[in-house]
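Novice: Let me give you the structure first, and then I'll get to my questions.
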Amino acid sequence: MADINKENNEEKSQYVLNQSLMRAVLPKLFSLLILGLIFYGGVLLNLGLLSLSLELESLIKMVSIIILVVLVLFSLLLSWRQARAPYLFFSNKINFKNNYINYNQIILSSSKQNILDKLLKTYSLDLGNGFVLRHIKLEQQVSDYIKQMIQFNGRWVNNGKIKHERYTKTIIS
């Protein structure tokens, strides 16, 4: 977070939006456990088809379990770090990690909820240009805030003119 603030000439964020950790991590955990069970089942099936000594068979089982546990923990750590990254709202843009979108580039669409979002009481908000606010808690209605920030930046097109708080100029076609 400090690095992002340095990139903005020490500008402090006006608003910080945190993601729902449960929404970001639980689906990943569930899918990792299912894939781990399938992998371990494949290992057991192959061991059953091979004629190996009991010592070698138990060693292979132990190594495969250790590998699975390490992979699941590493993936969960990465998911947790991704979910802990906040959306930072500045006076002219929104940052998320190394990505940003300026308010004048936002094409605000409606919020979206899939089945997991409904179960965990979250939603996503597509801002256009591939920038999506994900895993937002339902209590945090940020679309009104974003609309206010777009208006604060004062750029909207009306009858061929770009209007801004400080100036008005005609778009030349």
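Letters A, B, ... mark the chains of the structure tokens in the order given; residue numbers begin at 1 per chain; ligand numbers begin at 1, in order shown.
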Neighbouring residues of Ser79 of chain A were defined as those with any atom within 8 Å, considering only C-alpha atoms; residues of the same chain fewer than 6 positions away were excluded. Please report them as a ChimeraX atom specification.
Specialist: /A:24-25,28
Novice: Name the residues in contact with segment 121-127 of chain A at a cut-off of 10 Å, using only C-alpha atoms, excluding same-chain residues fewer than 5 positions from it; report them as a ChimeraX atom specification.
Specialist: /A:19-20,22-23,101,103,105-116,132-143,146
Novice: Please return, as a list in words, all residues of segment 19-138 of chain A that DSSP assigns to strand (DSSP E or B) on the basis of the backbone.
Specialist: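 Taking segment 19-138 of chain A and keeping strand (DSSP E or B) only, one gets Tyr87, Leu88, Phe89, Lys93, Ile94, Asn95, Phe96, Asn99, Tyr100, Ile101, Asn102, Ser111, Lys112, Thr122, Tyr123, Ser124, Leu125, Asp126, Val132, Leu133, Arg134, His135, Ile136 and Lys137 of chain A.
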Novice: Next, the residues of the selection above should be written as a PDB file, in the first residue's frame with N, CA and C atoms.
Specialist:
ATOM      1  N   TYR A  87      -8.801  -1.904  -2.626  1.00  0.00           N
ATOM      2  CA  TYR A  87      -9.039  -0.958  -3.709  1.00  0.00           C
ATOM      3  C   TYR A  87      -8.860   0.430  -3.105  1.00  0.00           C
ATOM      4  N   LEU A  88      -7.974   1.217  -3.688  1.00  0.00           N
ATOM      5  CA  LEU A  88      -7.678   2.555  -3.174  1.00  0.00           C
ATOM      6  C   LEU A  88      -8.304   3.596  -4.091  1.00  0.00           C
ATOM      7  N   PHE A  89      -9.134   4.452  -3.525  1.00  0.00           N
ATOM      8  CA  PHE A  89      -9.812   5.494  -4.279  1.00  0.00           C
ATOM      9  C   PHE A  89      -9.068   6.808  -4.074  1.00  0.00           C
ATOM     10  N   LYS A  93      -8.509   8.626  -9.660  1.00  0.00           N
ATOM     11  CA  LYS A  93      -8.483   7.238 -10.136  1.00  0.00           C
ATOM     12  C   LYS A  93      -8.695   6.253  -8.991  1.00  0.00           C
ATOM     13  N   ILE A  94      -8.874   4.997  -9.393  1.00  0.00           N
ATOM     14  CA  ILE A  94      -8.992   3.877  -8.454  1.00  0.00           C
ATOM     15  C   ILE A  94      -7.827   2.936  -8.726  1.00  0.00           C
ATOM     16  N   ASN A  95      -7.083   2.564  -7.687  1.00  0.00           N
ATOM     17  CA  ASN A  95      -5.951   1.644  -7.810  1.00  0.00           C
ATOM     18  C   ASN A  95      -6.300   0.306  -7.186  1.00  0.00           C
ATOM     19  N   PHE A  96      -5.799  -0.753  -7.823  1.00  0.00           N
ATOM     20  CA  PHE A  96      -5.821  -2.081  -7.225  1.00  0.00           C
ATOM     21  C   PHE A  96      -4.512  -2.741  -7.604  1.00  0.00           C
ATOM     22  N   ASN A  99      -2.715  -2.029 -11.014  1.00  0.00           N
ATOM     23  CA  ASN A  99      -3.673  -1.582 -12.017  1.00  0.00           C
ATOM     24  C   ASN A  99      -4.430  -0.367 -11.503  1.00  0.00           C
ATOM     25  N   TYR A 100      -4.861   0.466 -12.438  1.00  0.00           N
ATOM     26  CA  TYR A 100      -5.667   1.620 -12.061  1.00  0.00           C
ATOM     27  C   TYR A 100      -6.604   1.972 -13.204  1.00  0.00           C
ATOM     28  N   ILE A 101      -7.646   2.705 -12.865  1.00  0.00           N
ATOM     29  CA  ILE A 101      -8.569   3.237 -13.860  1.00  0.00           C
ATOM     30  C   ILE A 101      -8.909   4.668 -13.443  1.00  0.00           C
ATOM     31  N   ASN A 102      -8.820   5.587 -14.390  1.00  0.00           N
ATOM     32  CA  ASN A 102      -9.197   6.974 -14.136  1.00  0.00           C
ATOM     33  C   ASN A 102     -10.713   7.081 -14.123  1.00  0.00           C
ATOM     34  N   SER A 111     -24.254  -3.874 -10.699  1.00  0.00           N
ATOM     35  CA  SER A 111     -23.541  -4.879  -9.913  1.00  0.00           C
ATOM     36  C   SER A 111     -23.975  -6.267 -10.351  1.00  0.00           C
ATOM     37  N   LYS A 112     -23.076  -7.219 -10.162  1.00  0.00           N
ATOM     38  CA  LYS A 112     -23.337  -8.600 -10.572  1.00  0.00           C
ATOM     39  C   LYS A 112     -23.112  -9.527  -9.387  1.00  0.00           C
ATOM     40  N   THR A 122     -21.931 -10.945  -1.166  1.00  0.00           N
ATOM     41  CA  THR A 122     -20.995 -10.048  -1.831  1.00  0.00           C
ATOM     42  C   THR A 122     -21.492  -9.781  -3.247  1.00  0.00           C
ATOM     43  N   TYR A 123     -20.788  -8.901  -3.961  1.00  0.00           N
ATOM     44  CA  TYR A 123     -21.095  -8.636  -5.366  1.00  0.00           C
ATOM     45  C   TYR A 123     -19.852  -8.112  -6.059  1.00  0.00           C
ATOM     46  N   SER A 124     -19.939  -8.003  -7.386  1.00  0.00           N
ATOM     47  CA  SER A 124     -18.862  -7.448  -8.198  1.00  0.00           C
ATOM     48  C   SER A 124     -19.403  -6.270  -8.977  1.00  0.00           C
ATOM     49  N   LEU A 125     -18.525  -5.332  -9.297  1.00  0.00           N
ATOM     50  CA  LEU A 125     -18.914  -4.138 -10.027  1.00  0.00           C
ATOM     51  C   LEU A 125     -17.923  -3.928 -11.166  1.00  0.00           C
ATOM     52  N   ASP A 126     -18.418  -4.038 -12.402  1.00  0.00           N
ATOM     53  CA  ASP A 126     -17.575  -3.864 -13.581  1.00  0.00           C
ATOM     54  C   ASP A 126     -17.499  -2.386 -13.913  1.00  0.00           C
ATOM     55  N   VAL A 132     -12.512  -4.570 -12.690  1.00  0.00           N
ATOM     56  CA  VAL A 132     -13.680  -5.046 -11.953  1.00  0.00           C
ATOM     57  C   VAL A 132     -13.391  -5.008 -10.456  1.00  0.00           C
ATOM     58  N   LEU A 133     -14.304  -4.418  -9.698  1.00  0.00           N
ATOM     59  CA  LEU A 133     -14.218  -4.474  -8.238  1.00  0.00           C
ATOM     60  C   LEU A 133     -14.884  -5.783  -7.826  1.00  0.00           C
ATOM     61  N   ARG A 134     -14.121  -6.690  -7.237  1.00  0.00           N
ATOM     62  CA  ARG A 134     -14.622  -8.015  -6.891  1.00  0.00           C
ATOM     63  C   ARG A 134     -14.729  -8.178  -5.372  1.00  0.00           C
ATOM     64  N   HIS A 135     -15.582  -9.102  -4.995  1.00  0.00           N
ATOM     65  CA  HIS A 135     -15.721  -9.515  -3.596  1.00  0.00           C
ATOM     66  C   HIS A 135     -16.052  -8.353  -2.667  1.00  0.00           C
ATOM     67  N   ILE A 136     -16.985  -7.502  -3.088  1.00  0.00           N
ATOM     68  CA  ILE A 136     -17.414  -6.368  -2.277  1.00  0.00           C
ATOM     69  C   ILE A 136     -18.572  -6.819  -1.391  1.00  0.00           C
ATOM     70  N   LYS A 137     -18.518  -6.495  -0.129  1.00  0.00           N
ATOM     71  CA  LYS A 137     -19.606  -6.846   0.781  1.00  0.00           C
ATOM     72  C   LYS A 137     -20.856  -6.047   0.412  1.00  0.00           C
TER      73      LYS A 137
END
Novice: Between A:Tyr40, A:Phe131, A:Phe152, A:Tyr15, which residue has the minimum interatomic distance to Phe90 of chain A, considering only C-alpha atoms?
Specialist: A:Tyr15
Novice: Could you find all residues in segment 56-154 of chain A that DSSP calls helix (DSSP H, G or I) from the backbone, and write them as a ChimeraX atom specification?
Specialist: /A:56-84,103-105,115-120,143-153
Novice: May I have the residues from that selection written out with N, CA and C atoms, as a compact mmCIF listing (two decimals), in the first residue's frame?
Specialist:
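The resulting result_6.txt:
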# COMPACT_ATOMS: atom_id res chain seq x y z
N LEU A 56 7.90 -48.87 0.18
CA LEU A 56 7.94 -47.92 -0.93
C LEU A 56 6.56 -47.32 -1.17
N GLU A 57 5.53 -48.14 -1.04
CA GLU A 57 4.16 -47.66 -1.23
C GLU A 57 3.80 -46.61 -0.18
N SER A 58 4.14 -46.87 1.08
CA SER A 58 3.84 -45.90 2.14
C SER A 58 4.68 -44.63 1.98
N LEU A 59 5.92 -44.76 1.50
CA LEU A 59 6.76 -43.59 1.25
C LEU A 59 6.15 -42.72 0.15
N ILE A 60 5.67 -43.33 -0.92
CA ILE A 60 5.05 -42.58 -2.02
C ILE A 60 3.78 -41.88 -1.53
N LYS A 61 2.99 -42.57 -0.73
CA LYS A 61 1.77 -41.95 -0.18
C LYS A 61 2.12 -40.74 0.69
N MET A 62 3.15 -40.91 1.53
CA MET A 62 3.55 -39.82 2.42
C MET A 62 4.07 -38.62 1.62
N VAL A 63 4.88 -38.87 0.61
CA VAL A 63 5.44 -37.78 -0.20
C VAL A 63 4.31 -37.07 -0.96
N SER A 64 3.36 -37.83 -1.49
CA SER A 64 2.25 -37.20 -2.22
C SER A 64 1.38 -36.36 -1.28
N ILE A 65 1.17 -36.81 -0.06
CA ILE A 65 0.40 -36.02 0.91
C ILE A 65 1.16 -34.74 1.27
N ILE A 66 2.45 -34.85 1.47
CA ILE A 66 3.25 -33.66 1.79
C ILE A 66 3.20 -32.66 0.64
N ILE A 67 3.36 -33.14 -0.58
CA ILE A 67 3.29 -32.27 -1.75
C ILE A 67 1.93 -31.59 -1.83
N LEU A 68 0.86 -32.34 -1.61
CA LEU A 68 -0.49 -31.76 -1.65
C LEU A 68 -0.68 -30.69 -0.59
N VAL A 69 -0.24 -30.97 0.62
CA VAL A 69 -0.40 -30.00 1.70
C VAL A 69 0.38 -28.72 1.39
N VAL A 70 1.59 -28.85 0.90
CA VAL A 70 2.41 -27.68 0.57
C VAL A 70 1.75 -26.88 -0.54
N LEU A 71 1.26 -27.55 -1.59
CA LEU A 71 0.61 -26.84 -2.70
C LEU A 71 -0.67 -26.13 -2.26
N VAL A 72 -1.47 -26.79 -1.44
CA VAL A 72 -2.71 -26.18 -0.96
C VAL A 72 -2.40 -24.97 -0.08
N LEU A 73 -1.45 -25.11 0.83
CA LEU A 73 -1.09 -23.99 1.70
C LEU A 73 -0.50 -22.82 0.91
N PHE A 74 0.33 -23.11 -0.09
CA PHE A 74 0.92 -22.06 -0.91
C PHE A 74 -0.18 -21.34 -1.71
N SER A 75 -1.09 -22.10 -2.29
CA SER A 75 -2.18 -21.49 -3.06
C SER A 75 -3.10 -20.66 -2.17
N LEU A 76 -3.37 -21.14 -0.97
CA LEU A 76 -4.19 -20.37 -0.04
C LEU A 76 -3.49 -19.09 0.40
N LEU A 77 -2.19 -19.16 0.59
CA LEU A 77 -1.42 -17.96 0.94
C LEU A 77 -1.52 -16.93 -0.19
N LEU A 78 -1.38 -17.37 -1.44
CA LEU A 78 -1.50 -16.45 -2.57
C LEU A 78 -2.91 -15.86 -2.66
N SER A 79 -3.92 -16.68 -2.45
CA SER A 79 -5.30 -16.19 -2.48
C SER A 79 -5.55 -15.20 -1.36
N TRP A 80 -5.04 -15.49 -0.20
CA TRP A 80 -5.21 -14.60 0.95
C TRP A 80 -4.54 -13.26 0.69
N ARG A 81 -3.31 -13.29 0.13
CA ARG A 81 -2.62 -12.04 -0.19
C ARG A 81 -3.38 -11.23 -1.24
N GLN A 82 -3.94 -11.91 -2.25
CA GLN A 82 -4.73 -11.22 -3.28
C GLN A 82 -5.97 -10.60 -2.65
N ALA A 83 -6.61 -11.32 -1.75
CA ALA A 83 -7.84 -10.82 -1.13
C ALA A 83 -7.56 -9.69 -0.14
N ARG A 84 -6.38 -9.64 0.42
CA ARG A 84 -6.04 -8.57 1.37
C ARG A 84 -5.69 -7.26 0.68
N TYR A 103 -11.23 8.03 -13.36
CA TYR A 103 -12.68 8.18 -13.27
C TYR A 103 -13.29 8.53 -14.62
N ASN A 104 -12.56 9.25 -15.48
CA ASN A 104 -13.13 9.61 -16.77
C ASN A 104 -13.14 8.44 -17.75
N GLN A 105 -12.56 7.29 -17.38
CA GLN A 105 -12.58 6.09 -18.21
C GLN A 105 -13.63 5.08 -17.75
N ILE A 115 -23.78 -17.27 -7.82
CA ILE A 115 -24.31 -18.08 -6.72
C ILE A 115 -23.46 -17.92 -5.45
N LEU A 116 -22.14 -17.95 -5.61
CA LEU A 116 -21.26 -17.79 -4.44
C LEU A 116 -21.40 -16.41 -3.82
N ASP A 117 -21.57 -15.38 -4.68
CA ASP A 117 -21.77 -14.03 -4.15
C ASP A 117 -23.05 -13.96 -3.32
N LYS A 118 -24.11 -14.60 -3.80
CA LYS A 118 -25.37 -14.57 -3.05
C LYS A 118 -25.24 -15.30 -1.71
N LEU A 119 -24.54 -16.43 -1.71
CA LEU A 119 -24.36 -17.18 -0.46
C LEU A 119 -23.51 -16.41 0.55
N LEU A 120 -22.49 -15.74 0.07
CA LEU A 120 -21.56 -15.05 0.96
C LEU A 120 -21.82 -13.55 1.06
N SER A 143 -21.12 2.10 -5.64
CA SER A 143 -21.46 2.68 -6.94
C SER A 143 -21.87 4.15 -6.81
N ASP A 144 -22.58 4.51 -5.74
CA ASP A 144 -22.94 5.91 -5.55
C ASP A 144 -21.70 6.77 -5.32
N TYR A 145 -20.75 6.24 -4.55
CA TYR A 145 -19.50 6.97 -4.31
C TYR A 145 -18.73 7.17 -5.62
N ILE A 146 -18.70 6.13 -6.44
CA ILE A 146 -17.99 6.24 -7.72
C ILE A 146 -18.68 7.26 -8.62
N LYS A 147 -20.01 7.26 -8.64
CA LYS A 147 -20.73 8.25 -9.44
C LYS A 147 -20.40 9.67 -8.97
N GLN A 148 -20.33 9.86 -7.65
CA GLN A 148 -19.98 11.18 -7.11
C GLN A 148 -18.56 11.58 -7.51
N MET A 149 -17.64 10.62 -7.49
CA MET A 149 -16.27 10.93 -7.86
C MET A 149 -16.16 11.24 -9.36
N ILE A 150 -16.96 10.57 -10.18
CA ILE A 150 -16.98 10.88 -11.61
C ILE A 150 -17.48 12.30 -11.80
N GLN A 151 -18.54 12.67 -11.09
CA GLN A 151 -19.06 14.03 -11.19
C GLN A 151 -18.09 15.04 -10.61
N PHE A 152 -17.41 14.68 -9.54
CA PHE A 152 -16.41 15.57 -8.95
C PHE A 152 -15.30 15.87 -9.94
N ASN A 153 -14.88 14.85 -10.67
CA ASN A 153 -13.88 15.07 -11.70
C ASN A 153 -14.45 15.89 -12.84
Novice: Suppose you want the space between atom CA of Ala85 of chain A and atom CA of Lys97 of chain A; what is it in Å?
Specialist: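 Atom CA of Lys97 of chain A lies 6.7 Å from atom CA of Ala85 of chain A.
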